[in-house]
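Chemist: Provided herewith: input.csv, CSV, C-alpha atoms and all ligand atoms.
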chain,number,residue,atom,x,y,z
A,228,MET,CA,149.2,127.9,56.8
A,229,GLY,CA,151.2,124.8,56.4
A,230,GLN,CA,151.6,122.6,59.5
A,231,ARG,CA,154.7,120.7,60.7
A,232,ILE,CA,153.6,117.1,60.8
A,233,VAL,CA,155.3,113.9,62.0
A,234,VAL,CA,153.8,110.8,60.3
A,235,LYS,CA,154.6,107.4,61.7
A,236,ILE,CA,153.9,104.3,59.6
A,237,GLY,CA,153.7,100.9,61.1
A,238,SER,CA,155.7,98.0,59.7
A,239,LEU,CA,152.8,96.5,57.7
A,240,GLY,CA,152.2,99.9,56.0
A,241,VAL,CA,155.4,99.5,54.0
A,242,SER,CA,156.3,95.9,54.1
A,243,SER,CA,154.4,92.7,53.4
A,244,ALA,CA,153.1,90.1,55.8
A,245,GLN,CA,155.6,87.5,54.5
A,246,GLY,CA,158.5,90.0,55.0
A,247,GLY,CA,160.2,92.2,52.4
A,248,VAL,CA,159.5,95.8,51.3
A,249,ASP,CA,156.1,96.3,49.6
A,250,ILE,CA,157.1,98.7,46.9
A,251,ALA,CA,153.5,99.6,45.9
A,252,LYS,CA,152.7,100.6,49.5
A,253,VAL,CA,155.8,102.7,49.8
A,254,GLU,CA,155.0,104.5,46.5
A,255,SER,CA,151.4,105.2,47.5
A,256,LEU,CA,152.5,106.6,50.9
A,257,VAL,CA,155.2,108.8,49.2
A,258,ASN,CA,152.6,110.1,46.6
A,259,ASP,CA,150.4,111.2,49.5
A,260,LEU,CA,153.3,112.8,51.4
A,261,VAL,CA,154.5,114.7,48.4
A,262,ALA,CA,151.0,116.0,47.7
A,263,LEU,CA,151.0,117.4,51.2
A,264,LYS,CA,154.5,118.9,50.9
A,265,GLN,CA,153.3,120.6,47.8
A,266,GLN,CA,150.5,122.2,49.8
A,267,GLY,CA,153.1,123.7,52.1
A,268,HIS,CA,153.2,121.2,55.0
A,269,GLU,CA,156.5,120.2,56.5
A,270,LEU,CA,156.7,116.4,56.9
A,271,VAL,CA,158.9,114.1,58.9
A,272,LEU,CA,158.3,110.4,58.4
A,273,VAL,CA,159.0,107.9,61.2
A,274,SER,CA,159.1,104.5,59.4
A,275,SER,CA,159.0,101.1,60.9
A,276,GLY,CA,159.4,98.1,58.8
A,277,ALA,CA,163.2,97.7,58.7
A,278,ILE,CA,163.2,94.4,60.6
A,279,ASN,CA,160.3,93.0,58.5
A,280,ALA,CA,161.9,94.2,55.3
A,281,GLY,CA,165.2,92.4,56.0
A,282,ARG,CA,163.6,89.2,57.5
A,283,PRO,CA,163.5,87.1,54.3
A,284,HIS,CA,167.2,87.6,53.7
A,285,VAL,CA,168.6,86.6,57.1
A,286,LYS,CA,169.2,83.1,58.1
A,287,LYS,CA,166.8,82.0,60.8
A,288,PRO,CA,168.4,81.2,64.1
A,289,ASP,CA,167.7,77.7,65.5
A,290,GLU,CA,166.3,78.7,68.8
A,291,LYS,CA,162.6,79.1,69.1
A,292,GLN,CA,163.1,82.6,70.5
A,293,LEU,CA,164.2,84.9,67.8
A,294,SER,CA,167.4,86.4,69.1
A,295,LEU,CA,168.3,90.0,69.4
A,296,ALA,CA,171.2,89.5,67.0
A,297,TRP,CA,168.8,88.1,64.4
A,298,GLN,CA,166.5,91.1,64.7
A,299,GLN,CA,169.5,93.4,64.5
A,300,ALA,CA,170.8,91.6,61.4
A,301,CYS,CA,167.3,91.9,59.8
A,302,ALA,CA,167.2,95.6,60.5
A,303,ALA,CA,170.7,96.0,59.0
A,304,MET,CA,169.6,94.4,55.8
A,305,GLY,CA,166.1,95.9,55.8
A,306,MET,CA,166.9,99.5,56.4
A,307,PRO,CA,168.8,100.1,53.1
A,308,LEU,CA,166.1,98.2,51.2
A,309,LEU,CA,163.4,100.4,52.8
A,310,MET,CA,165.4,103.6,52.1
A,311,SER,CA,166.0,102.6,48.5
A,312,ALA,CA,162.2,102.2,48.0
A,313,TYR,CA,161.6,105.6,49.5
A,314,GLN,CA,164.3,107.2,47.4
A,315,LYS,CA,163.0,105.6,44.2
A,316,ALA,CA,159.5,106.8,44.9
A,317,LEU,CA,160.7,110.3,45.6
A,318,ALA,CA,163.0,110.5,42.6
A,319,GLY,CA,160.0,110.7,40.3
A,320,TYR,CA,159.3,114.1,42.0
A,321,LYS,CA,163.0,115.1,42.0
A,322,LEU,CA,162.9,115.0,45.8
A,323,TYR,CA,165.3,113.3,48.2
A,324,SER,CA,164.9,111.1,51.3
A,325,ALA,CA,167.2,111.4,54.3
A,326,GLN,CA,167.9,108.6,56.7
A,327,VAL,CA,168.0,109.5,60.4
A,328,LEU,CA,168.7,106.6,62.7
A,329,VAL,CA,168.4,107.3,66.4
A,330,THR,CA,168.4,105.6,69.8
A,331,HIS,CA,166.9,106.7,73.1
A,332,ASP,CA,170.2,108.3,74.2
A,333,ASP,CA,169.9,110.8,71.4
A,334,PHE,CA,166.8,112.3,73.0
A,335,LYS,CA,167.9,112.0,76.7
A,336,ALA,CA,170.9,114.2,76.6
A,337,ARG,CA,170.2,117.9,75.8
A,338,PRO,CA,173.2,118.5,73.3
A,339,ARG,CA,172.3,115.4,71.4
A,340,PHE,CA,168.6,116.2,71.4
A,341,LEU,CA,169.4,119.6,69.9
A,342,ASN,CA,171.6,117.9,67.4
A,343,VAL,CA,168.7,115.7,66.2
A,344,ARG,CA,166.4,118.7,66.2
A,345,ASN,CA,168.8,120.9,64.2
A,346,THR,CA,169.5,118.1,61.7
A,347,LEU,CA,165.8,117.5,61.1
A,348,LEU,CA,165.1,121.2,60.8
A,349,THR,CA,167.9,121.6,58.3
A,350,LEU,CA,166.6,118.7,56.3
A,351,LEU,CA,163.1,120.2,56.2
A,352,ALA,CA,164.5,123.5,55.1
A,353,SER,CA,166.3,121.7,52.3
A,354,GLY,CA,163.0,120.1,51.1
A,355,ALA,CA,164.1,116.6,51.9
A,356,LEU,CA,161.8,113.9,53.4
A,357,PRO,CA,163.5,112.8,56.6
A,358,VAL,CA,162.9,109.1,57.3
A,359,VAL,CA,163.5,108.4,61.0
A,360,ASN,CA,163.8,104.9,62.6
A,361,GLU,CA,165.3,103.5,65.6
A,362,ASN,CA,168.9,102.4,65.0
A,363,ASP,CA,167.9,98.8,65.7
A,364,THR,CA,171.3,97.3,64.7
A,365,VAL,CA,173.0,98.9,67.7
A,366,SER,CA,170.0,99.4,70.0
A,367,THR,CA,170.3,97.0,72.9
A,368,LYS,CA,167.7,96.8,75.6
A,369,GLU,CA,169.3,99.5,77.7
A,370,ILE,CA,169.3,102.2,75.0
A,371,THR,CA,166.3,101.4,72.9
A,372,VAL,CA,163.2,103.6,72.7
A,373,GLY,CA,161.4,100.3,72.1
A,374,ASP,CA,158.7,101.2,69.7
A,375,ASN,CA,158.3,103.7,67.0
A,376,ASP,CA,155.2,105.2,68.5
A,377,GLN,CA,157.3,106.6,71.4
A,378,LEU,CA,160.0,107.5,69.0
A,379,ALA,CA,157.6,109.5,66.8
A,380,ALA,CA,156.3,111.3,69.9
A,381,MET,CA,159.9,112.3,70.8
A,382,VAL,CA,160.6,113.5,67.3
A,383,ALA,CA,157.3,115.5,67.3
A,384,GLU,CA,158.4,117.2,70.6
A,385,ALA,CA,161.9,117.8,69.4
A,386,ILE,CA,161.0,119.6,66.2
A,387,GLY,CA,158.0,121.5,67.7
A,388,ALA,CA,155.5,119.7,65.4
A,389,ASP,CA,151.9,120.8,65.2
A,390,ARG,CA,150.6,117.2,65.0
A,391,LEU,CA,151.5,113.6,65.0
A,392,ILE,CA,149.8,111.1,62.8
A,393,LEU,CA,150.2,107.4,63.7
A,394,LEU,CA,149.2,105.2,60.8
A,395,THR,CA,148.4,101.6,61.7
A,396,ASP,CA,146.1,98.7,60.8
A,397,ALA,CA,143.1,99.9,62.9
A,398,ASP,CA,141.3,103.1,62.0
A,399,GLY,CA,141.8,104.7,65.4
A,400,LEU,CA,140.2,104.0,68.7
A,401,TYR,CA,137.2,101.7,69.2
A,402,ASP,CA,135.4,100.6,72.4
A,403,ARG,CA,136.2,97.0,71.7
A,404,ASP,CA,137.9,94.8,69.0
A,405,PRO,CA,137.1,96.7,65.7
A,406,LYS,CA,136.3,93.4,64.0
A,407,ASP,CA,133.3,93.1,66.3
A,408,PRO,CA,130.3,94.5,64.3
A,409,ASP,CA,129.0,96.3,67.4
A,410,ALA,CA,132.3,98.1,68.0
A,411,LYS,CA,131.9,101.8,68.4
A,412,HIS,CA,134.4,104.1,66.8
A,413,PHE,CA,135.6,107.4,68.5
A,414,PRO,CA,136.2,110.1,65.8
A,415,ILE,CA,137.3,112.8,68.2
A,416,ILE,CA,138.7,112.7,71.8
A,417,ASP,CA,139.0,115.8,73.9
A,418,PHE,CA,142.3,116.3,75.7
A,419,ARG,CA,140.5,116.0,79.0
A,420,GLU,CA,138.9,112.7,78.2
A,421,ASP,CA,140.0,109.7,80.1
A,422,PHE,CA,140.2,106.7,77.8
A,423,ALA,CA,141.7,104.5,80.5
A,424,GLY,CA,138.7,102.1,80.6
A,425,ILE,CA,138.9,101.1,77.0
A,426,LYS,CA,139.9,97.5,76.4
A,427,LEU,CA,142.6,97.3,73.8
A,428,THR,CA,142.9,94.3,71.6
A,429,THR,CA,144.6,95.6,68.4
A,430,LYS,CA,148.2,94.5,68.0
A,431,THR,CA,149.6,92.8,64.8
A,432,SER,CA,152.3,90.2,65.0
A,433,VAL,CA,154.7,92.4,63.1
A,434,GLY,CA,156.2,95.5,64.7
A,435,ARG,CA,156.6,96.3,68.4
A,436,GLY,CA,153.8,98.8,69.1
A,437,GLY,CA,150.1,98.4,69.5
A,438,MET,CA,147.2,100.6,70.5
A,439,ALA,CA,148.6,100.8,74.1
A,440,THR,CA,151.9,102.4,72.9
A,441,LYS,CA,150.0,104.7,70.6
A,442,LEU,CA,147.9,105.9,73.5
A,443,GLN,CA,151.1,106.5,75.5
A,444,ALA,CA,152.2,108.8,72.7
A,445,VAL,CA,148.8,110.5,72.9
A,446,ARG,CA,149.2,111.0,76.7
A,447,ARG,CA,152.6,112.5,76.2
A,448,LEU,CA,151.7,115.0,73.4
A,449,THR,CA,148.1,116.2,73.9
A,450,PRO,CA,148.9,118.0,77.2
A,451,VAL,CA,151.6,120.0,75.5
A,452,GLY,CA,149.2,121.1,72.8
A,453,LEU,CA,149.8,118.7,69.9
A,454,ASP,CA,146.9,116.9,68.1
A,455,VAL,CA,147.5,113.2,67.6
A,456,THR,CA,145.6,111.2,65.0
A,457,ILE,CA,145.5,107.4,65.0
A,458,ALA,CA,144.3,106.2,61.6
A,459,THR,CA,144.5,103.4,59.2
A,460,PHE,CA,147.2,103.0,56.5
A,461,ASN,CA,144.8,100.9,54.5
A,462,HIS,CA,143.8,103.8,52.3
A,463,ALA,CA,145.1,105.3,49.0
A,464,THR,CA,145.9,108.6,50.7
A,465,PRO,CA,146.1,107.7,54.4
A,466,VAL,CA,147.9,110.9,55.6
A,467,SER,CA,145.6,113.4,53.7
A,468,ARG,CA,142.6,111.4,55.0
A,469,ALA,CA,144.0,111.6,58.6
A,470,LEU,CA,144.5,115.4,58.2
A,471,MET,CA,140.9,115.8,57.1
A,472,GLY,CA,139.7,114.1,60.3
A,473,GLY,CA,139.8,110.4,59.4
A,474,GLY,CA,140.6,107.9,62.2
A,475,THR,CA,140.5,109.2,65.7
A,476,VAL,CA,141.8,112.7,66.5
A,477,PHE,CA,143.0,113.3,70.0
A,478,LYS,CA,142.8,117.0,70.5
A,479,GLY,CA,145.8,118.8,72.1
A,480,ASP,CA,145.2,121.2,75.0
A,481,PRO,CA,144.2,124.4,73.2
A,482,ARG,CA,145.8,126.7,75.8
A,483,GLU,CA,149.2,125.1,75.1
A,484,LYS,CA,148.6,125.4,71.3
A,485,VAL,CA,148.0,129.2,71.7
A,486,LYS,CA,151.2,129.5,73.8
A,487,LYS,CA,153.2,127.7,71.2
A,488,ARG,CA,151.8,129.9,68.4
A,489,MET,CA,152.5,133.0,70.6
A,490,SER,CA,156.1,132.1,71.2
A,491,TRP,CA,156.5,131.7,67.5
A,492,ILE,CA,154.9,135.1,66.8
A,493,ALA,CA,157.3,136.7,69.3
A,494,THR,CA,160.4,135.3,67.6
A,495,VAL,CA,159.5,136.3,64.1
A,496,VAL,CA,158.3,139.9,64.7
A,497,ARG,CA,159.7,142.5,62.2
A,498,PRO,CA,161.3,145.0,64.6
A,499,SER,CA,160.9,148.3,62.7
A,500,CYS,CA,157.4,147.7,61.4
A,501,ALA,CA,154.3,148.8,63.3
A,502,ILE,CA,150.8,150.0,63.1
A,503,VAL,CA,149.9,152.9,65.4
A,504,VAL,CA,146.4,152.8,66.7
A,505,ASP,CA,144.0,155.2,68.5
A,506,GLU,CA,142.9,154.8,72.1
A,507,GLY,CA,139.7,153.0,71.3
A,508,ALA,CA,141.5,150.3,69.3
A,509,SER,CA,144.2,150.0,71.9
A,510,ASN,CA,141.7,149.4,74.6
A,511,ALA,CA,139.7,146.9,72.5
A,512,LEU,CA,142.9,144.9,71.8
A,513,LYS,CA,144.1,145.0,75.4
A,514,ALA,CA,140.7,143.6,76.5
A,515,GLY,CA,141.4,140.5,74.5
A,516,LYS,CA,138.8,139.3,72.1
A,517,ALA,CA,138.9,142.0,69.4
A,518,SER,CA,140.5,142.0,65.9
A,519,LEU,CA,142.4,145.1,64.7
A,520,LEU,CA,140.0,147.0,62.4
A,521,PRO,CA,141.0,149.6,59.8
A,522,ILE,CA,139.0,152.3,61.6
A,523,GLY,CA,141.3,152.4,64.6
A,524,ILE,CA,144.5,152.8,62.7
A,525,LYS,CA,146.4,156.2,62.8
A,526,LYS,CA,149.8,155.5,61.2
A,527,VAL,CA,151.9,152.9,59.5
A,528,LEU,CA,155.6,152.5,60.3
A,529,GLY,CA,158.0,150.7,58.0
A,530,SER,CA,157.2,148.6,55.0
A,531,PHE,CA,155.8,145.1,55.4
A,532,LYS,CA,154.0,142.4,53.5
A,533,ARG,CA,150.8,140.5,54.2
A,534,GLY,CA,151.6,137.6,56.5
A,535,ASP,CA,154.5,139.4,58.3
A,536,VAL,CA,154.4,139.7,62.0
A,537,ILE,CA,154.4,143.3,63.2
A,538,ALA,CA,153.8,145.4,66.3
A,539,VAL,CA,150.7,147.3,67.1
A,540,LYS,CA,151.5,150.5,69.1
A,541,TYR,CA,149.7,153.1,71.1
A,542,GLN,CA,151.6,156.1,72.3
A,543,GLN,CA,155.0,154.4,71.6
A,544,LYS,CA,154.0,151.3,73.7
A,545,THR,CA,153.6,147.9,72.0
A,546,VAL,CA,150.0,146.8,72.7
A,547,ALA,CA,150.1,143.6,70.6
A,548,LEU,CA,152.0,141.7,68.0
A,549,GLY,CA,150.2,140.0,65.2
A,550,ILE,CA,150.1,138.6,61.7
A,551,VAL,CA,149.0,141.3,59.3
A,552,GLU,CA,146.4,140.7,56.6
A,553,TYR,CA,147.5,143.6,54.3
A,554,ASP,CA,150.7,144.9,52.8
A,555,SER,CA,151.8,148.2,54.4
A,556,LYS,CA,150.9,150.2,51.3
A,557,ASP,CA,147.3,148.8,51.6
A,558,VAL,CA,147.1,149.5,55.3
A,559,LEU,CA,147.8,153.2,54.3
A,560,ARG,CA,144.7,153.0,52.0
A,561,VAL,CA,142.3,151.4,54.5
A,562,MET,CA,143.3,153.2,57.7
A,563,GLY,CA,140.6,155.2,59.4
A,564,LYS,CA,137.9,153.6,57.2
A,565,LYS,CA,134.8,151.7,58.2
A,566,SER,CA,134.7,148.1,57.1
A,567,ALA,CA,131.8,148.9,54.8
A,568,GLU,CA,133.9,151.4,52.9
A,569,LEU,CA,136.6,148.9,51.9
A,570,LYS,CA,134.5,147.6,48.9
A,571,VAL,CA,135.2,150.8,47.0
A,572,LEU,CA,138.9,150.4,47.4
A,573,PHE,CA,139.4,146.8,46.2
A,574,GLU,CA,137.8,144.6,43.6
A,575,VAL,CA,137.9,141.8,46.2
A,576,VAL,CA,138.4,143.0,49.8
A,577,PRO,CA,141.3,140.9,51.1
A,578,SER,CA,140.0,140.9,54.7
A,579,HIS,CA,137.7,143.1,56.9
A,580,VAL,CA,140.2,143.1,59.6
A,581,VAL,CA,143.9,144.2,59.5
A,582,ILE,CA,144.9,141.6,62.1
A,583,HIS,CA,142.6,138.8,63.0
A,584,ARG,CA,142.2,138.3,66.8
A,585,ASP,CA,143.3,134.6,66.4
A,586,ASN,CA,146.7,136.0,65.1
A,587,LEU,CA,147.2,138.6,67.8
A,588,PHE,CA,149.6,138.2,70.7
A,589,LEU,CA,149.2,140.5,73.8
A,590,PRO,CA,152.5,140.9,75.6
A,591,LYS,CA,152.4,140.7,79.3
A,592,ASP,CA,153.4,144.0,81.0
B,601,LIG,N1,162.2,99.8,64.4
B,601,LIG,C1,161.5,98.7,64.0
B,601,LIG,C2,161.6,98.4,62.5
B,601,LIG,O1,161.9,99.2,61.8
B,601,LIG,C3,160.0,98.8,64.3
B,601,LIG,C4,159.6,99.2,65.7
B,601,LIG,C5,158.1,99.3,65.8
B,601,LIG,O2,157.4,98.5,65.2
B,601,LIG,O3,157.6,100.1,66.6
B,601,LIG,O4,161.4,97.3,62.1
Could you render the structure as C-alpha cells?
Ligand code: GLU

Modeler:
Amino acid sequence: MGQRIVVKIGSLGVSSAQGGVDIAKVESLVNDLVALKQQGHELVLVSSGAINAGRPHVKKPDEKQLSLAWQQACAAMGMPLLMSAYQKALAGYKLYSAQVLVTHDDFKARPRFLNVRNTLLTLLASGALPVVNENDTVSTKEITVGDNDQLAAMVAEAIGADRLILLTDADGLYDRDPKDPDAKHFPIIDFREDFAGIKLTTKTSVGRGGMATKLQAVRRLTPVGLDVTIATFNHATPVSRALMGGGTVFKGDPREKVKKRMSWIATVVRPSCAIVVDEGASNALKAGKASLLPIGIKKVLGSFKRGDVIAVKYQQKTVALGIVEYDSKDVLRVMGKKSAELKVLFEVVPSHVVIHRDNLFLPKD
C-alpha cells in the first residue's frame, strides 16, 4: 500500500555552496520523487534553499551581521527560481508543482491549520507535487517556525503522514562527528530509546537547522506513531534509499500506528457489505490475534472488491471491520473451505486468509 510521505530537503540538497539553484540536484531529486509517486506513494516536499538560491542576486548589506531584510529579499528572489527548477523538472513527466508558503500562525490556529491540511490534500488528490517552505519574506521573528525541520514535522502531522524523511548532509545519527573514522552509525532507533546523550556536531553554514532541530522533529512525531528517517541527500535516489532503510530510522510508537490505521479503517468501511461468520470464527476474531479464514464464513452480503473495507458479522452484530483479500464473488467460492482446498479453485491462490489479522479492526463494545 502506498504511504503518505513528507520529504524535507535541506538547502544544500537543491542549491550550491556559492548560492544559486543547483539544477542538476533538483532534477535528480524530482526523478526520485516521481518514481515513488508512480509506485503509489503520496509525497509532499518541504524544500529549503530559497534564501541560498536568491543570495547571489541580492546586494549585500554593509553591516557584518546579515540583516533580516537581506535574508527576506534573498528568499523573495530565490523562491521563484527554486519553483521554476522544480516545475521544469516535473514538466518532463507532465506533472505540476504547487507552491505552498506558510508561517507558524498557519498551524497554530485551528481554522488555518485545517486550511493548510485541506489545500495539501486537494493538491495530492490532483497529482501535484506540493512544495512547502516557510514564507520567509514576511516571517518575522514572532511568527516564524524558524527551521524547516519543525515545519516539515508540522506538515506531517497536519496531513496525517505515515512518515517524515529529513534529507541532509549527514547520513543520519552518529555517536560523534561522522567525519571521525571511529564514528558509530545508528541504523534504527526505537521510539523508547533516549538519544539525549549523543553529542551533536553536524550543522552546515547554510540553512537554519542542524541535527538538533531534526531530533526535535523526531521527538515530536515518533510518540504519535510516525517513523522519521534522517538520511543523506548525497545519493542519486536519496528518498528511495531512505525508504528502504538508509540513514537512521526512528521508529514511531507501534501502538499509535495501529490506532491511526484503525481510525482510517473505520472511516472507509462499505456500509452494506459484510461477511457473516460462524461462532468459532467470531470467537477467534474477538480474541484478537486471528485472521479470518474461509472455513468460518457462512454468508456474503453485498458486492465488494478486494481491498475494500467491510464488516464481519456474527448474529447481526459487527465483530470486526477489515480489508478484504478477495472480491465478494470469490468469497462465495471459498467460504466453508479449508485452506488446503483453495488450490483446486484458483490457478494462483490469492491469499490463504480472507482478511489478514493485521488488517482487522475490532470495535470496542
Ligand atoms: N526557509 C529557508 C529557505 O528556504 C530555510 C530554512 C531552513 O534551513 O531550515 O531558505

Chemist: Rounded to one decimal, what separation in Å do you get between atom CA of Gly473 of chain A and atom CA of Ile457 of chain A?

Modeler: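 For atom CA of Gly473 of chain A relative to atom CA of Ile457 of chain A, the distance reads 8.5 Å.
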
Chemist: Which chain A residues have any atom within 6 Å of an atom of ligand LIG 601 (chain B), and for each, what is the nearest pair of atoms with distance in Å to one decimal, counting only C-alpha atoms and all ligand atoms, rows sorted by chain and number, as a Markdown table?

Modeler:
| residue | atom | partner | partner_atom | distance |
| --- | --- | --- | --- | --- |
| A:Ser238 | CA | B:LIG601 | O2 | 5.8 |
| A:Ser275 | CA | B:LIG601 | O1 | 3.6 |
| A:Gly276 | CA | B:LIG601 | O4 | 3.9 |
| A:Ala277 | CA | B:LIG601 | O1 | 3.7 |
| A:Ile278 | CA | B:LIG601 | O4 | 3.7 |
| A:Asn279 | CA | B:LIG601 | O4 | 5.7 |
| A:Asn360 | CA | B:LIG601 | N1 | 5.6 |
| A:Glu361 | CA | B:LIG601 | N1 | 5.0 |
| A:Asp363 | CA | B:LIG601 | N1 | 5.9 |
| A:Asp374 | CA | B:LIG601 | O3 | 3.5 |
| A:Asn375 | CA | B:LIG601 | O3 | 3.7 |
| A:Asp376 | CA | B:LIG601 | O3 | 5.9 |
| A:Gly434 | CA | B:LIG601 | O2 | 3.3 |
| A:Arg435 | CA | B:LIG601 | O2 | 4.0 |
| A:Gly436 | CA | B:LIG601 | O3 | 4.7 |

Chemist: Using all atoms listed in the file, determine which residues lie at most 7 Å from Ile550 of chain A, disregarding the query and same-chain residues fewer than 2 positions distant; provide the list as a PyMOL selection string.

Modeler: chain A and resi 534-537+552+582+586-587

Chemist: Can you measure atom CA of Ser311 of chain A to atom CA of Gln298 of chain A for me? One decimal in Å is fine.

Modeler: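 Atom CA of Ser311 of chain A sits 19.9 Å away from atom CA of Gln298 of chain A.
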
Chemist: So what do you get for atom CA of Thr346 of chain A versus atom CA of Gly437 of chain A, distance-wise?

Modeler: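 Pair atom CA of Thr346 of chain A / atom CA of Gly437 of chain A returns 28.7 Å.
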